[in-house]
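Beneath this line is the structure, given in structure tokens, with notes to follow.
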Amino acid sequence: MALKTLKSGQISGYPEYASTALTSFFGLEPEEVPADATEAWEKANAEFEKEGLEAFEPTPFASANAGRPAQIDGGKVRPENDLRPRRRQ
């Protein structure tokens, strides 16, 4: 839907991760998406160009899924799988 709307000119931009664009818009299988973010963006931009569109340069932000979530607990960072309810003192 988003790609169709972009191509029709109804919207002028749409924020999306390069990997999602490659799989959702252009039908690549997840294992076909480059692991390197720059390579994934380059591949996505090449696909967008075939559609007469252009991908903006990537933002400096990374996907929250790229790393392992953690939580700060009393000044100590604990990985998500170590999050247990805190005992009341």
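The way I read the labels, and the way they are meant: chains A, B, ... in the order of the structure tokens, residue 1 as the first residue of every chain, and ligand 1 as the first ligand shown, with later ones counted on from there.
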
Enumerate as JSON, numbers by chain all residues of range 9-42 of chain A assigned to alpha helix (DSSP H) by DSSP on the backbone, naming them with the chain letters and numbers the document uses. {"A": [18, 19, 20, 37, 38, 39, 40, 41, 42]}

Output C-alpha atoms for every residue in the selection just made, as a compact mmCIF listing (two decimals), in the first residue's frame.
```
# COMPACT_ATOMS: atom_id res chain seq x y z
CA ALA A 18 15.80 -0.64 4.21
CA SER A 19 15.41 -4.30 5.13
CA THR A 20 11.64 -3.93 5.46
CA ALA A 37 23.04 -1.53 6.86
CA THR A 38 24.81 0.48 4.15
CA GLU A 39 24.62 -2.39 1.67
CA ALA A 40 20.93 -2.89 2.49
CA TRP A 41 20.24 0.81 1.89
CA GLU A 42 22.15 0.74 -1.42
```

For Phe56 in chain A, work out the shell of residues within 12 Å, counting only C-alpha atoms and skipping chain neighbours fewer than 2 positions away, then give it as a ChimeraX atom specification. /A:12-18,41-42,44-46,48-49,53-54,58-59

Give me a file of those residues, with N, CA and C atoms, as a PDB file, in the first residue's frame.
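Output file result09.pdb follows:
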```pdb
ATOM      1  N   SER A  12       4.667  12.156  -0.406  1.00  0.00           N
ATOM      2  CA  SER A  12       5.988  12.464  -0.956  1.00  0.00           C
ATOM      3  C   SER A  12       7.118  11.759  -0.216  1.00  0.00           C
ATOM      4  N   GLY A  13       6.798  11.070   0.857  1.00  0.00           N
ATOM      5  CA  GLY A  13       7.828  10.355   1.597  1.00  0.00           C
ATOM      6  C   GLY A  13       7.211   9.343   2.528  1.00  0.00           C
ATOM      7  N   TYR A  14       8.024   8.384   2.914  1.00  0.00           N
ATOM      8  CA  TYR A  14       7.545   7.318   3.786  1.00  0.00           C
ATOM      9  C   TYR A  14       8.753   6.745   4.514  1.00  0.00           C
ATOM     10  N   PRO A  15       8.829   6.884   5.842  1.00  0.00           N
ATOM     11  CA  PRO A  15       9.982   6.337   6.563  1.00  0.00           C
ATOM     12  C   PRO A  15       9.872   4.814   6.690  1.00  0.00           C
ATOM     13  N   GLU A  16      10.941   4.134   6.341  1.00  0.00           N
ATOM     14  CA  GLU A  16      10.940   2.668   6.419  1.00  0.00           C
ATOM     15  C   GLU A  16      12.369   2.170   6.526  1.00  0.00           C
ATOM     16  N   TYR A  17      12.565   1.092   7.250  1.00  0.00           N
ATOM     17  CA  TYR A  17      13.877   0.446   7.294  1.00  0.00           C
ATOM     18  C   TYR A  17      14.163  -0.157   5.929  1.00  0.00           C
ATOM     19  N   ALA A  18      15.417  -0.090   5.507  1.00  0.00           N
ATOM     20  CA  ALA A  18      15.800  -0.635   4.205  1.00  0.00           C
ATOM     21  C   ALA A  18      15.446  -2.111   4.109  1.00  0.00           C
ATOM     22  N   TRP A  41      20.770  -0.451   2.401  1.00  0.00           N
ATOM     23  CA  TRP A  41      20.241   0.811   1.888  1.00  0.00           C
ATOM     24  C   TRP A  41      20.556   0.955   0.396  1.00  0.00           C
ATOM     25  N   GLU A  42      21.774   0.632  -0.002  1.00  0.00           N
ATOM     26  CA  GLU A  42      22.153   0.736  -1.415  1.00  0.00           C
ATOM     27  C   GLU A  42      21.272  -0.157  -2.285  1.00  0.00           C
ATOM     28  N   ALA A  44      18.223  -1.240  -1.486  1.00  0.00           N
ATOM     29  CA  ALA A  44      16.869  -0.683  -1.466  1.00  0.00           C
ATOM     30  C   ALA A  44      16.773   0.522  -2.397  1.00  0.00           C
ATOM     31  N   ASN A  45      17.776   1.387  -2.365  1.00  0.00           N
ATOM     32  CA  ASN A  45      17.752   2.565  -3.228  1.00  0.00           C
ATOM     33  C   ASN A  45      17.758   2.163  -4.697  1.00  0.00           C
ATOM     34  N   ALA A  46      18.533   1.142  -5.041  1.00  0.00           N
ATOM     35  CA  ALA A  46      18.549   0.659  -6.432  1.00  0.00           C
ATOM     36  C   ALA A  46      17.159   0.173  -6.849  1.00  0.00           C
ATOM     37  N   PHE A  48      14.267   1.179  -5.467  1.00  0.00           N
ATOM     38  CA  PHE A  48      13.413   2.363  -5.560  1.00  0.00           C
ATOM     39  C   PHE A  48      13.645   3.099  -6.871  1.00  0.00           C
ATOM     40  N   GLU A  49      14.908   3.210  -7.296  1.00  0.00           N
ATOM     41  CA  GLU A  49      15.221   3.903  -8.544  1.00  0.00           C
ATOM     42  C   GLU A  49      14.547   3.233  -9.744  1.00  0.00           C
ATOM     43  N   LEU A  53      11.727   6.250  -7.967  1.00  0.00           N
ATOM     44  CA  LEU A  53      11.755   6.866  -6.639  1.00  0.00           C
ATOM     45  C   LEU A  53      13.186   6.912  -6.122  1.00  0.00           C
ATOM     46  N   GLU A  54      13.374   7.625  -5.034  1.00  0.00           N
ATOM     47  CA  GLU A  54      14.705   7.755  -4.441  1.00  0.00           C
ATOM     48  C   GLU A  54      14.604   7.550  -2.939  1.00  0.00           C
ATOM     49  N   PRO A  58      20.305   7.113   4.919  1.00  0.00           N
ATOM     50  CA  PRO A  58      19.867   6.553   6.205  1.00  0.00           C
ATOM     51  C   PRO A  58      20.072   7.538   7.351  1.00  0.00           C
ATOM     52  N   THR A  59      19.242   7.418   8.356  1.00  0.00           N
ATOM     53  CA  THR A  59      19.411   8.225   9.563  1.00  0.00           C
ATOM     54  C   THR A  59      20.522   7.612  10.410  1.00  0.00           C
TER      55      THR A  59
END
```

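Minimum atom-to-atom distance to Glu51 in chain A, evaluated using only C-alpha atoms, belongs to A:Leu6 out of A:Ile11, A:Ala35, A:Leu6, A:Leu22.
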
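The space between CA of Val33 in chain A and CA of Glu47 in chain A spans 12.4 Å.
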